[in-house]
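*Asks:* As input, take run_24.txt (compact mmCIF, C-alpha atoms and all ligand atoms):
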```txt
# COMPACT_ATOMS: atom_id res chain seq x y z
CA MET T 231 -7.17 -28.70 -12.70
CA THR T 232 -8.69 -25.22 -12.87
CA SER T 233 -6.35 -22.56 -14.12
CA LEU T 234 -5.66 -19.10 -12.76
CA TYR T 235 -6.08 -17.77 -16.25
CA THR T 236 -8.79 -17.83 -18.92
CA ASP T 237 -8.77 -16.95 -22.62
CA GLU T 238 -9.79 -13.46 -21.56
CA THR T 239 -6.78 -12.91 -19.23
CA PRO T 240 -4.50 -10.29 -20.80
CA LYS T 241 -1.29 -11.72 -22.25
CA ALA T 242 0.92 -9.45 -20.16
CA VAL T 243 -0.53 -11.14 -17.07
CA LYS T 244 -0.67 -14.75 -18.14
CA GLU T 245 2.71 -14.81 -19.87
CA ALA T 246 4.54 -12.98 -17.06
CA LYS T 247 7.56 -14.69 -15.48
CA GLY T 248 8.82 -14.17 -11.94
CA LEU T 249 6.85 -11.73 -9.82
CA HIS T 250 4.04 -9.83 -11.55
CA LEU T 251 2.37 -6.83 -9.94
CA ILE T 252 -1.09 -5.58 -10.95
CA THR T 253 -1.57 -2.09 -9.58
CA GLU T 254 -2.59 1.52 -10.11
CA GLN T 255 -1.29 4.76 -8.64
CA THR T 256 -3.41 4.75 -5.46
CA PRO T 257 -2.35 4.66 -1.78
CA ASN T 258 -2.82 0.88 -1.56
CA GLY T 259 -0.91 0.29 -4.78
CA LYS T 260 1.92 2.55 -3.60
CA LYS T 261 2.64 0.40 -0.54
CA VAL T 262 3.71 -2.54 -2.71
CA GLN T 263 5.35 -0.32 -5.34
CA ILE T 264 7.54 1.15 -2.58
CA LEU T 265 8.72 -2.24 -1.30
CA LEU T 266 9.51 -3.47 -4.83
CA GLU T 267 11.42 -0.29 -5.69
CA GLU T 268 13.37 -0.61 -2.40
CA LEU T 269 14.21 -4.24 -3.22
CA LYS T 270 15.37 -3.20 -6.67
CA GLU T 271 17.79 -0.79 -5.05
CA ALA T 272 18.93 -3.22 -2.33
CA TYR T 273 19.24 -6.43 -4.39
CA GLY T 274 18.68 -5.51 -8.05
CA PHE T 275 15.33 -7.35 -7.76
CA GLN T 276 13.27 -7.43 -10.98
CA TRP T 277 9.53 -7.86 -11.51
CA THR T 278 6.96 -6.90 -14.14
CA THR T 279 3.97 -4.61 -13.77
CA SER T 280 0.50 -4.27 -15.29
CA LEU T 281 -1.71 -1.26 -14.62
CA LEU T 282 -5.52 -1.21 -14.39
CA ASN T 283 -7.56 1.87 -15.12
CA LEU T 284 -9.91 1.51 -12.15
CA ASP T 285 -12.26 4.20 -13.44
CA ALA T 286 -12.74 2.76 -16.93
CA PRO T 287 -16.43 2.52 -17.98
CA ASN T 288 -16.34 -1.28 -17.77
CA PRO T 289 -13.51 -1.78 -15.26
CA GLU T 290 -11.27 -4.81 -15.54
CA GLN T 291 -11.25 -5.43 -11.78
CA ASN T 292 -14.93 -6.48 -11.98
CA LYS T 293 -14.44 -9.00 -14.80
CA ASP T 294 -14.18 -12.77 -14.43
CA TRP T 295 -10.53 -12.93 -15.44
CA TYR T 296 -9.61 -10.60 -12.56
CA LEU T 297 -12.09 -11.95 -9.95
CA ARG T 298 -10.46 -15.34 -10.48
CA LEU T 299 -7.23 -13.75 -9.22
CA ASN T 300 -8.81 -11.56 -6.53
CA PRO T 301 -12.44 -12.14 -5.51
CA ASN T 302 -12.28 -8.76 -3.77
CA ALA T 303 -12.06 -6.92 -7.14
CA ARG T 304 -9.35 -4.57 -5.90
CA ILE T 305 -5.74 -3.70 -6.67
CA PRO T 306 -2.96 -4.31 -5.85
CA ILE T 307 -2.29 -8.02 -6.31
CA ILE T 308 0.91 -9.90 -6.97
CA ILE T 309 1.31 -13.18 -8.82
CA ASP T 310 4.38 -15.20 -7.90
CA ASN T 311 5.14 -17.23 -11.03
CA THR T 312 8.13 -18.89 -9.36
CA GLN T 313 5.63 -21.08 -7.46
CA THR T 314 3.98 -24.08 -9.12
CA PRO T 315 1.20 -23.37 -9.76
CA PRO T 316 1.64 -19.58 -9.73
CA PHE T 317 0.58 -18.10 -6.38
CA VAL T 318 -1.60 -14.99 -6.06
CA VAL T 319 -1.46 -12.68 -3.06
CA MET T 320 -4.21 -10.12 -2.49
CA GLU T 321 -4.41 -7.41 0.23
CA SER T 322 -1.59 -4.89 0.07
CA LEU T 323 -0.33 -5.46 3.62
CA ALA T 324 -0.28 -9.25 3.18
CA GLU T 325 1.61 -8.66 -0.06
CA LEU T 326 4.24 -6.65 1.84
CA ILE T 327 4.72 -9.55 4.25
CA TYR T 328 4.91 -12.16 1.46
CA ILE T 329 7.40 -10.19 -0.63
CA GLN T 330 9.55 -9.25 2.36
CA GLU T 331 9.68 -12.87 3.54
CA THR T 332 10.45 -14.35 0.12
CA VAL T 333 12.71 -11.73 -1.49
CA ASP T 334 14.38 -9.76 1.31
CA LYS T 335 16.82 -12.52 2.35
CA ASP T 336 18.92 -10.21 4.54
CA ASN T 337 15.84 -8.80 6.30
CA ILE T 338 16.76 -5.26 5.34
CA PHE T 339 13.10 -4.25 5.62
CA GLY T 340 12.18 -6.61 8.47
CA PHE T 341 13.90 -8.36 11.39
CA ASP T 342 15.51 -11.75 12.10
CA ASN T 343 14.51 -11.23 15.68
CA LYS T 344 10.95 -12.43 16.38
CA VAL T 345 10.32 -9.76 19.00
CA GLU T 346 11.16 -6.88 16.68
CA GLN T 347 9.33 -8.62 13.81
CA SER T 348 6.28 -8.76 16.06
CA GLU T 349 6.41 -4.96 16.21
CA VAL T 350 6.31 -4.88 12.41
CA VAL T 351 3.21 -7.08 12.42
CA GLN T 352 1.59 -5.05 15.20
CA TRP T 353 1.94 -1.79 13.28
CA LEU T 354 0.76 -3.40 10.04
CA PHE T 355 -2.36 -4.66 11.84
CA PHE T 356 -2.84 -1.32 13.53
CA TRP T 357 -2.86 0.37 10.16
CA ALA T 358 -5.06 -2.30 8.54
CA ALA T 359 -7.68 -1.39 11.15
CA GLY T 360 -6.99 2.37 11.12
CA GLN T 361 -6.84 2.99 7.40
CA PRO T 362 -10.59 2.50 6.77
CA MET T 363 -11.22 5.50 9.05
CA GLN T 364 -9.29 7.66 6.60
CA SER T 365 -10.78 6.07 3.48
CA GLN T 366 -14.33 6.40 4.85
CA ASN T 367 -13.57 10.01 5.79
CA ASN T 368 -12.45 10.60 2.19
CA TRP T 369 -15.54 8.94 0.74
CA PHE T 370 -18.04 10.73 2.97
CA SER T 371 -16.39 14.11 2.51
CA ARG T 372 -15.60 13.85 -1.24
CA SER T 373 -17.65 11.18 -3.04
CA ALA T 374 -20.88 10.49 -1.13
CA PRO T 375 -24.02 11.40 -3.10
CA GLU T 376 -25.39 13.25 -0.07
CA LYS T 377 -23.63 15.07 2.77
CA VAL T 378 -23.94 13.21 6.06
CA PRO T 379 -22.37 15.54 8.63
CA PHE T 380 -22.39 12.93 11.39
CA ALA T 381 -20.46 10.42 9.26
CA ILE T 382 -17.96 13.07 8.15
CA SER T 383 -17.25 14.26 11.69
CA ARG T 384 -17.09 10.69 13.06
CA PHE T 385 -14.57 9.41 10.47
CA ARG T 386 -12.55 12.61 10.59
CA ALA T 387 -12.24 12.34 14.39
CA ARG T 388 -11.24 8.67 14.12
CA THR T 389 -8.65 9.51 11.44
CA LEU T 390 -7.11 12.13 13.71
CA GLU T 391 -7.17 9.62 16.57
CA MET T 392 -5.13 7.18 14.42
CA TYR T 393 -2.67 9.94 13.55
CA GLY T 394 -2.41 10.67 17.29
CA VAL T 395 -1.47 7.05 18.01
CA LEU T 396 1.31 7.17 15.41
CA GLU T 397 2.51 10.48 16.85
CA LEU T 398 2.61 8.98 20.34
CA ARG T 399 4.65 6.02 19.09
CA LEU T 400 7.13 8.20 17.18
CA SER T 401 7.42 10.89 19.87
CA GLY T 402 8.84 8.46 22.43
CA ARG T 403 6.79 10.21 25.12
CA TYR T 404 6.71 7.05 27.23
CA THR T 405 10.09 5.60 26.25
CA GLY T 406 12.23 8.69 26.71
CA ALA T 407 13.54 8.91 23.13
CA PRO T 408 11.85 9.78 19.85
CA ARG T 409 11.85 7.20 17.08
CA ASP T 410 12.61 7.51 13.37
CA PHE T 411 10.48 4.52 12.36
CA LEU T 412 7.57 2.50 13.73
CA ALA T 413 9.20 -0.85 14.50
CA GLY T 414 12.44 -2.03 16.05
CA LYS T 415 14.66 -1.23 18.99
CA GLY T 416 15.88 2.27 19.79
CA LYS T 417 14.99 4.70 17.04
CA GLY T 418 13.59 1.83 15.00
CA LYS T 419 14.38 0.71 11.47
CA TYR T 420 12.65 1.50 8.15
CA THR T 421 10.50 -1.56 7.46
CA ILE T 422 7.34 -2.71 5.72
CA ALA T 423 5.42 -1.35 8.74
CA ASP T 424 6.34 2.18 7.60
CA MET T 425 5.71 1.38 3.92
CA GLY T 426 2.24 0.06 4.77
CA ALA T 427 1.08 3.28 6.40
CA TRP T 428 3.05 6.03 4.66
CA PRO T 429 1.07 6.38 1.38
CA TRP T 430 -2.07 7.23 3.36
CA LEU T 431 -0.40 9.51 5.88
CA ARG T 432 1.40 11.53 3.21
CA ALA T 433 -2.03 12.35 1.74
CA TRP T 434 -3.26 14.13 4.90
CA LYS T 435 -4.02 17.35 3.00
CA ARG T 436 -6.17 15.51 0.46
CA THR T 437 -7.99 13.98 3.41
CA GLY T 438 -9.01 17.49 4.49
CA ILE T 439 -6.80 17.71 7.59
CA SER T 440 -5.72 21.33 8.18
CA GLU T 441 -2.13 22.55 8.71
CA GLU T 442 -3.17 23.58 12.21
CA GLU T 443 -4.48 20.12 13.07
CA MET T 444 -1.41 18.44 11.58
CA ALA T 445 0.93 20.72 13.54
CA LYS T 446 -0.09 18.71 16.62
CA PHE T 447 1.79 15.74 15.13
CA PRO T 448 5.36 17.04 14.61
CA HIS T 449 7.04 13.61 14.82
CA LEU T 450 4.58 12.19 12.34
CA LEU T 451 5.29 15.07 9.93
CA ASP T 452 9.05 14.41 10.25
CA TRP T 453 8.45 10.71 9.59
CA ILE T 454 6.44 11.54 6.45
CA THR T 455 9.30 13.73 5.18
CA ARG T 456 12.01 11.19 6.14
CA ILE T 457 10.37 8.49 4.03
CA ALA T 458 9.48 10.85 1.16
CA GLU T 459 13.19 11.63 0.75
CA ARG T 460 14.07 8.05 -0.25
CA PRO T 461 14.80 7.68 -3.98
CA ALA T 462 12.93 4.34 -4.17
CA VAL T 463 9.84 6.00 -2.70
CA ASP T 464 10.12 8.78 -5.24
CA ARG T 465 10.12 6.23 -8.07
CA ALA T 466 7.24 4.29 -6.48
CA ILE T 467 4.95 7.32 -6.53
CA SER T 468 5.98 8.44 -10.01
CA SER T 469 3.84 8.51 -13.14
CA PHE T 470 5.35 5.16 -14.18
CA TYR T 471 2.56 3.54 -12.11
CA ASP T 472 -0.20 5.84 -13.34
CA SER T 473 -2.57 4.25 -15.85
CA GLU T 474 -3.31 7.64 -17.41
CA GLU T 475 0.39 8.34 -18.00
CA ASN T 476 1.98 4.97 -18.77
CA LEU T 477 -0.41 3.53 -21.35
CA GLU T 478 2.04 0.80 -22.36
CA LEU T 479 1.51 -1.03 -19.07
CA VAL T 480 -2.28 -0.76 -19.03
CA VAL T 481 -4.11 -4.07 -19.51
CA SER T 482 -7.63 -4.10 -20.91
CA THR T 483 -9.89 -6.69 -22.50
CA GLU T 484 -12.02 -3.99 -24.17
CA LYS T 485 -11.84 -3.94 -27.96
N1 LIG I 1 -7.76 -3.85 1.65
C1 LIG I 1 -7.35 -3.74 0.26
C2 LIG I 1 -7.96 -2.50 -0.32
C3 LIG I 1 -7.60 -2.34 -1.77
C4 LIG I 1 -8.39 -1.21 -2.41
O1 LIG I 1 -9.33 -0.65 -1.83
N2 LIG I 1 -7.99 -0.88 -3.65
C5 LIG I 1 -8.68 0.15 -4.39
C6 LIG I 1 -7.68 1.19 -4.91
S1 LIG I 1 -6.81 1.95 -3.56
C7 LIG I 1 -9.37 -0.46 -5.61
O2 LIG I 1 -8.89 -1.42 -6.18
N3 LIG I 1 -10.52 0.09 -6.01
C8 LIG I 1 -11.19 -0.35 -7.19
C9 LIG I 1 -12.67 -0.46 -7.00
O3 LIG I 1 -13.13 -0.21 -5.87
O4 LIG I 1 -13.36 -0.78 -7.98
C10 LIG I 1 -5.81 -3.70 0.18
O5 LIG I 1 -5.20 -3.15 1.10
O6 LIG I 1 -5.24 -4.22 -0.78
```
Starting from the coordinates I provided, produce the structure as structure tokens.

*Replies:*
Amino acid sequence: MTSLYTDETPKAVKEAKGLHLITEQTPNGKKVQILLEELKEAYGFQWTTSLLNLDAPNPEQNKDWYLRLNPNARIPIIIDNTQTPPFVVMESLAELIYIQETVDKDNIFGFDNKVEQSEVVQWLFFWAAGQPMQSQNNWFSRSAPEKVPFAISRFRARTLEMYGVLELRLSGRYTGAPRDFLAGKGKGKYTIADMGAWPWLRAWKRTGISEEEMAKFPHLLDWITRIAERPAVDRAISSFYDSEENLELVVSTEK
């Protein structure tokens, strides 16, 4: 039987017990970090973490030991060592669903009710499709080797369109009452649907959106603040998950 691990796989990864997270302090990593920190607070849940320096000269995510775990060469991933054989989950939003379904027994961050849970899935899918607008906007406006004005204005407009959809949902314009969170009856409940989108939305300034443009989304701004105030979220975006700050957790096969 082929193994998940090779001789090259860092010890911290292959000897991990329980749930092991491989991440870095980026918006996609933060989604999963938030859920795990929330579960720690709600249930005392424990897991272990490894960090990858994504910008290293010879980055680990492109090496065989990592591609064996995630052919998409991206973080975050989780490895559930309570399964036999250990089970890997890639794609941050799929990881939120897997962890919520397996760890959150009381459905604190999801719903028993299939109709409300469908809203969670709808908003996760919405954001899975919307997020690339923001990441492409960031790449074309910050990293592209040449300026392509058409691409910048296209992705910027599509990012603002996505923000507008979230604003419409939260404003309650068509339901008569504003909502606190994306999914669930009434004002909604804080769930993985919010955790999946929040790390990108909170970074609106870095995306180049102006205060004036953002002022058109007052309910979205309140939602960003509401989630930012949670202690688990504060821990999830702390330097603990930053490979430049927490060297002890960094895994590398470089000599
Ligand atoms: N759709 C993936 C995207 C993951 C992703 O793009 N991760 C970035 C960091 S935010 C990454 O690993 N980049 C490393 C690289 O591109 O080499 C997810 O949601 O998990």

*Asks:* Chain T near ligand LIG 1 (chain I) within 7 Å: what's each residue's closest atom pair and its distance in Å to one decimal, counting all atoms listed in the file, ordered by chain then ascending residue number, as CSV?

*Replies:*
```
residue,atom,partner,partner_atom,distance
T:Thr256,CA,I:LIG1,S1,4.8
T:Pro257,CA,I:LIG1,S1,5.5
T:Asn258,CA,I:LIG1,S1,4.6
T:Gly259,CA,I:LIG1,S1,6.2
T:Leu284,CA,I:LIG1,C8,5.4
T:Gln291,CA,I:LIG1,O4,6.4
T:Ala303,CA,I:LIG1,O4,6.3
T:Arg304,CA,I:LIG1,O2,3.2
T:Ile305,CA,I:LIG1,O2,3.9
T:Pro306,CA,I:LIG1,O6,5.6
T:Met320,CA,I:LIG1,O6,6.2
T:Glu321,CA,I:LIG1,O6,3.4
T:Ser322,CA,I:LIG1,O6,3.8
T:Leu323,CA,I:LIG1,O5,6.0
```

*Asks:* Restrict the selected residues to C-alpha atoms and save them as a compact mmCIF listing (two decimals), in the frame of the given file.

*Replies:*
```txt
# COMPACT_ATOMS: atom_id res chain seq x y z
CA THR T 256 -3.41 4.75 -5.46
CA PRO T 257 -2.35 4.66 -1.78
CA ASN T 258 -2.82 0.88 -1.56
CA GLY T 259 -0.91 0.29 -4.78
CA LEU T 284 -9.91 1.51 -12.15
CA GLN T 291 -11.25 -5.43 -11.78
CA ALA T 303 -12.06 -6.92 -7.14
CA ARG T 304 -9.35 -4.57 -5.90
CA ILE T 305 -5.74 -3.70 -6.67
CA PRO T 306 -2.96 -4.31 -5.85
CA MET T 320 -4.21 -10.12 -2.49
CA GLU T 321 -4.41 -7.41 0.23
CA SER T 322 -1.59 -4.89 0.07
CA LEU T 323 -0.33 -5.46 3.62
```

*Asks:* So which one's closest to T:Arg298, T:Val319, T:Val351, T:Ala466, T:Leu479? Using only C-alpha atoms, please.

*Replies:* T:Val319

*Asks:* Residues at most 8 Å from T:Ser482, counting only C-alpha atoms, excluding those fewer than 5 positions away in the same chain, as a PyMOL selection string?

*Replies:* chain T and resi 240+282+290

*Asks:* Which residues are near T:Lys419? Cut-off 10 Å, all atoms listed in the file, ignore same chain within fewer than 3 positions. Put them as a list in words.

*Replies:*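 The contact residues come out as Ile338, Phe339, Gly340, Phe341, Glu346, Val350, Arg409, Asp410, Phe411, Leu412, Ala413, Gly414, Lys415, Gly416, Ile422, Ala423 and Asp424 of chain T.
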
*Asks:* As a PDB file with C-alpha atoms, in the frame of the given file, please: the residues near T:Arg388 (cut-off 9 Å, only C-alpha atoms, same-chain neighbours under 6 positions excluded).

*Replies:*
```pdb
ATOM      1  CA  GLY T 360      -6.990   2.370  11.120  1.00  0.00           C
ATOM      2  CA  MET T 363     -11.220   5.500   9.050  1.00  0.00           C
ATOM      3  CA  GLN T 364      -9.290   7.660   6.600  1.00  0.00           C
ATOM      4  CA  ASN T 367     -13.570  10.010   5.790  1.00  0.00           C
TER       5      ASN T 367
END
```

*Asks:* List as a PyMOL selection string the residues having at least one atom at most 10 Å from position (-9.4, -12.8, -16.9) as given in the file, counting all atoms listed in the file.

*Replies:* chain T and resi 234-241+243-244+290-299+482-483

*Asks:* Using all atoms listed in the file, list the residues that have an atom at most 10 Å from (-5.8, 10.3, 10.4), coordinates as in the file, as a PyMOL selection string.

*Replies:* chain T and resi 360-365+367+385-396+430-431+433-434+437-439+444

*Asks:* Just how far from atom CA of T:Ile264 is atom CA of T:Asp472, in Å to one decimal?

*Replies:*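 About the pair atom CA of T:Asp472 and atom CA of T:Ile264: they are 14.1 Å apart.
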
*Asks:* Quick one: distance from atom CA of T:Val333 to atom CA of T:Phe275 in Å, one decimal?

*Replies:*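 These atoms are spaced 8.1 Å apart.
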
*Asks:* Quick one: pull the distance between atom CA of T:Asn311 and atom CA of T:Leu281, Å, one decimal.

*Replies:*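 If I compute the distance from atom CA of T:Asn311 to atom CA of T:Leu281, I get 17.7 Å.
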
*Asks:* Show me, as a ChimeraX atom specification, the residues that have an atom within 12 Å of T:Phe470 when counting all atoms listed in the file, minus same-chain residues fewer than 2 positions from it.

*Replies:* /T:253-255,260,263,267,279-281,464-468,472-480

*Asks:* Kindly export the residues of the current selection with C-alpha atoms, as an mmCIF file, in the coordinates of the input.

*Replies:*
```cif
data_model
loop_
_atom_site.group_PDB
_atom_site.id
_atom_site.type_symbol
_atom_site.label_atom_id
_atom_site.label_comp_id
_atom_site.auth_asym_id
_atom_site.auth_seq_id
_atom_site.Cartn_x
_atom_site.Cartn_y
_atom_site.Cartn_z
ATOM 1 C CA THR T 253 -1.570 -2.090 -9.580
ATOM 2 C CA GLU T 254 -2.590 1.520 -10.110
ATOM 3 C CA GLN T 255 -1.290 4.760 -8.640
ATOM 4 C CA LYS T 260 1.920 2.550 -3.600
ATOM 5 C CA GLN T 263 5.350 -0.320 -5.340
ATOM 6 C CA GLU T 267 11.420 -0.290 -5.690
ATOM 7 C CA THR T 279 3.970 -4.610 -13.770
ATOM 8 C CA SER T 280 0.500 -4.270 -15.290
ATOM 9 C CA LEU T 281 -1.710 -1.260 -14.620
ATOM 10 C CA ASP T 464 10.120 8.780 -5.240
ATOM 11 C CA ARG T 465 10.120 6.230 -8.070
ATOM 12 C CA ALA T 466 7.240 4.290 -6.480
ATOM 13 C CA ILE T 467 4.950 7.320 -6.530
ATOM 14 C CA SER T 468 5.980 8.440 -10.010
ATOM 15 C CA ASP T 472 -0.200 5.840 -13.340
ATOM 16 C CA SER T 473 -2.570 4.250 -15.850
ATOM 17 C CA GLU T 474 -3.310 7.640 -17.410
ATOM 18 C CA GLU T 475 0.390 8.340 -18.000
ATOM 19 C CA ASN T 476 1.980 4.970 -18.770
ATOM 20 C CA LEU T 477 -0.410 3.530 -21.350
ATOM 21 C CA GLU T 478 2.040 0.800 -22.360
ATOM 22 C CA LEU T 479 1.510 -1.030 -19.070
ATOM 23 C CA VAL T 480 -2.280 -0.760 -19.030
#
```

*Asks:* Taking all atoms listed in the file into account, which of T:Val262, T:Ala374, T:Ile454, T:Asp336 comes nearest T:Gly426?

*Replies:*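 Answer, going by the shortest atom-to-atom distance: T:Val262.
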
*Asks:* Using only C-alpha atoms, which of T:Trp369, T:Phe380, T:Tyr404, T:Trp428 sits nearest T:Trp353?

*Replies:* T:Trp428

*Asks:* Please return the centre and edge lengths, in Å to one decimal, of a box with edges along x, y and z that contains all listed atoms of stretch 280-296 of chain T, widened by 8 Å on every side, as JSON.

*Replies:*
```
{"center_x": -8.0, "center_y": -4.4, "center_z": -14.9, "size_x": 32.9, "size_y": 33.1, "size_z": 22.2}
```

*Asks:* If we count only C-alpha atoms and set the cut-off at 12 Å, which residues sit around T:Gln313, ignoring sequence neighbours fewer than 3 positions away in its own chain? Please answer as a PyMOL selection string.

*Replies:* chain T and resi 247-249+309-310+316-319+332

*Asks:* Of the candidates T:Ile307, T:Leu265, T:Ile382, T:Ala359, which shows the shortest atom-to-atom distance to T:Glu331, using only C-alpha atoms?

*Replies:* T:Leu265

*Asks:* Tell me which of T:Phe447, T:Tyr471, T:Phe355, T:Tyr328 sits closest to T:Ser401, counting only C-alpha atoms.

*Replies:*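 That would be T:Phe447, the residue with the smallest distance to T:Ser401.
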
*Asks:* Counting all atoms listed in the file, which residue out of T:Gln352, T:Thr405, T:Ser440, T:Thr421 sits closest to T:Lys261?

*Replies:*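 Residue with the minimum atom-to-atom distance to T:Lys261: T:Thr421.
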
*Asks:* Any chance you could build stretch 301-325 of chain T out to N, CA and C atoms and write it as a PDB file, keeping the file's coordinate frame?

*Replies:*
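Contents of part-v9.pdb, freshly written:
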```pdb
ATOM      1  N   PRO T 301     -10.979 -12.247  -5.646  1.00  0.00           N
ATOM      2  CA  PRO T 301     -12.440 -12.140  -5.510  1.00  0.00           C
ATOM      3  C   PRO T 301     -12.877 -10.810  -4.939  1.00  0.00           C
ATOM      4  N   ASN T 302     -11.947 -10.064  -4.356  1.00  0.00           N
ATOM      5  CA  ASN T 302     -12.280  -8.760  -3.770  1.00  0.00           C
ATOM      6  C   ASN T 302     -12.236  -7.616  -4.787  1.00  0.00           C
ATOM      7  N   ALA T 303     -11.968  -7.925  -6.061  1.00  0.00           N
ATOM      8  CA  ALA T 303     -12.060  -6.920  -7.140  1.00  0.00           C
ATOM      9  C   ALA T 303     -11.298  -5.631  -6.836  1.00  0.00           C
ATOM     10  N   ARG T 304     -10.139  -5.753  -6.254  1.00  0.00           N
ATOM     11  CA  ARG T 304      -9.350  -4.570  -5.900  1.00  0.00           C
ATOM     12  C   ARG T 304      -7.891  -4.772  -6.317  1.00  0.00           C
ATOM     13  N   ILE T 305      -7.204  -3.655  -6.526  1.00  0.00           N
ATOM     14  CA  ILE T 305      -5.740  -3.700  -6.670  1.00  0.00           C
ATOM     15  C   ILE T 305      -5.153  -3.250  -5.344  1.00  0.00           C
ATOM     16  N   PRO T 306      -3.891  -3.542  -5.034  1.00  0.00           N
ATOM     17  CA  PRO T 306      -2.960  -4.310  -5.850  1.00  0.00           C
ATOM     18  C   PRO T 306      -3.073  -5.809  -5.586  1.00  0.00           C
ATOM     19  N   ILE T 307      -2.580  -6.605  -6.581  1.00  0.00           N
ATOM     20  CA  ILE T 307      -2.290  -8.020  -6.310  1.00  0.00           C
ATOM     21  C   ILE T 307      -0.905  -8.316  -6.864  1.00  0.00           C
ATOM     22  N   ILE T 308      -0.312  -9.397  -6.350  1.00  0.00           N
ATOM     23  CA  ILE T 308       0.910  -9.900  -6.970  1.00  0.00           C
ATOM     24  C   ILE T 308       0.692 -11.353  -7.342  1.00  0.00           C
ATOM     25  N   ILE T 309       1.334 -11.768  -8.434  1.00  0.00           N
ATOM     26  CA  ILE T 309       1.310 -13.180  -8.820  1.00  0.00           C
ATOM     27  C   ILE T 309       2.750 -13.653  -8.816  1.00  0.00           C
ATOM     28  N   ASP T 310       3.027 -14.664  -7.984  1.00  0.00           N
ATOM     29  CA  ASP T 310       4.380 -15.200  -7.900  1.00  0.00           C
ATOM     30  C   ASP T 310       4.473 -16.399  -8.837  1.00  0.00           C
ATOM     31  N   ASN T 311       5.036 -16.172 -10.022  1.00  0.00           N
ATOM     32  CA  ASN T 311       5.140 -17.230 -11.030  1.00  0.00           C
ATOM     33  C   ASN T 311       6.311 -18.167 -10.773  1.00  0.00           C
ATOM     34  N   THR T 312       7.059 -17.942  -9.687  1.00  0.00           N
ATOM     35  CA  THR T 312       8.130 -18.890  -9.360  1.00  0.00           C
ATOM     36  C   THR T 312       7.553 -20.070  -8.572  1.00  0.00           C
ATOM     37  N   GLN T 313       6.296 -19.961  -8.145  1.00  0.00           N
ATOM     38  CA  GLN T 313       5.630 -21.080  -7.460  1.00  0.00           C
ATOM     39  C   GLN T 313       4.905 -21.918  -8.510  1.00  0.00           C
ATOM     40  N   THR T 314       4.752 -23.213  -8.234  1.00  0.00           N
ATOM     41  CA  THR T 314       3.980 -24.080  -9.120  1.00  0.00           C
ATOM     42  C   THR T 314       2.807 -24.660  -8.337  1.00  0.00           C
ATOM     43  N   PRO T 315       1.567 -24.350  -8.746  1.00  0.00           N
ATOM     44  CA  PRO T 315       1.200 -23.370  -9.760  1.00  0.00           C
ATOM     45  C   PRO T 315       1.469 -21.951  -9.257  1.00  0.00           C
ATOM     46  N   PRO T 316       1.408 -20.964 -10.152  1.00  0.00           N
ATOM     47  CA  PRO T 316       1.640 -19.580  -9.730  1.00  0.00           C
ATOM     48  C   PRO T 316       0.734 -19.220  -8.541  1.00  0.00           C
ATOM     49  N   PHE T 317       1.269 -18.410  -7.649  1.00  0.00           N
ATOM     50  CA  PHE T 317       0.580 -18.100  -6.380  1.00  0.00           C
ATOM     51  C   PHE T 317       0.181 -16.631  -6.368  1.00  0.00           C
ATOM     52  N   VAL T 318      -1.112 -16.377  -6.088  1.00  0.00           N
ATOM     53  CA  VAL T 318      -1.600 -14.990  -6.060  1.00  0.00           C
ATOM     54  C   VAL T 318      -1.689 -14.515  -4.622  1.00  0.00           C
ATOM     55  N   VAL T 319      -1.268 -13.286  -4.384  1.00  0.00           N
ATOM     56  CA  VAL T 319      -1.460 -12.680  -3.060  1.00  0.00           C
ATOM     57  C   VAL T 319      -2.284 -11.409  -3.244  1.00  0.00           C
ATOM     58  N   MET T 320      -3.392 -11.332  -2.502  1.00  0.00           N
ATOM     59  CA  MET T 320      -4.210 -10.120  -2.490  1.00  0.00           C
ATOM     60  C   MET T 320      -4.004  -9.417  -1.151  1.00  0.00           C
ATOM     61  N   GLU T 321      -4.521  -8.237  -0.986  1.00  0.00           N
ATOM     62  CA  GLU T 321      -4.410  -7.410   0.230  1.00  0.00           C
ATOM     63  C   GLU T 321      -2.991  -6.850   0.343  1.00  0.00           C
ATOM     64  N   SER T 322      -2.908  -5.544   0.156  1.00  0.00           N
ATOM     65  CA  SER T 322      -1.590  -4.890   0.070  1.00  0.00           C
ATOM     66  C   SER T 322      -0.671  -5.200   1.258  1.00  0.00           C
ATOM     67  N   LEU T 323      -1.217  -5.245   2.476  1.00  0.00           N
ATOM     68  CA  LEU T 323      -0.330  -5.460   3.620  1.00  0.00           C
ATOM     69  C   LEU T 323       0.157  -6.907   3.680  1.00  0.00           C
ATOM     70  N   ALA T 324      -0.706  -7.845   3.266  1.00  0.00           N
ATOM     71  CA  ALA T 324      -0.280  -9.250   3.180  1.00  0.00           C
ATOM     72  C   ALA T 324       0.770  -9.410   2.072  1.00  0.00           C
ATOM     73  N   GLU T 325       0.634  -8.615   1.023  1.00  0.00           N
ATOM     74  CA  GLU T 325       1.610  -8.660  -0.060  1.00  0.00           C
ATOM     75  C   GLU T 325       2.981  -8.184   0.435  1.00  0.00           C
TER      76      GLU T 325
END
```
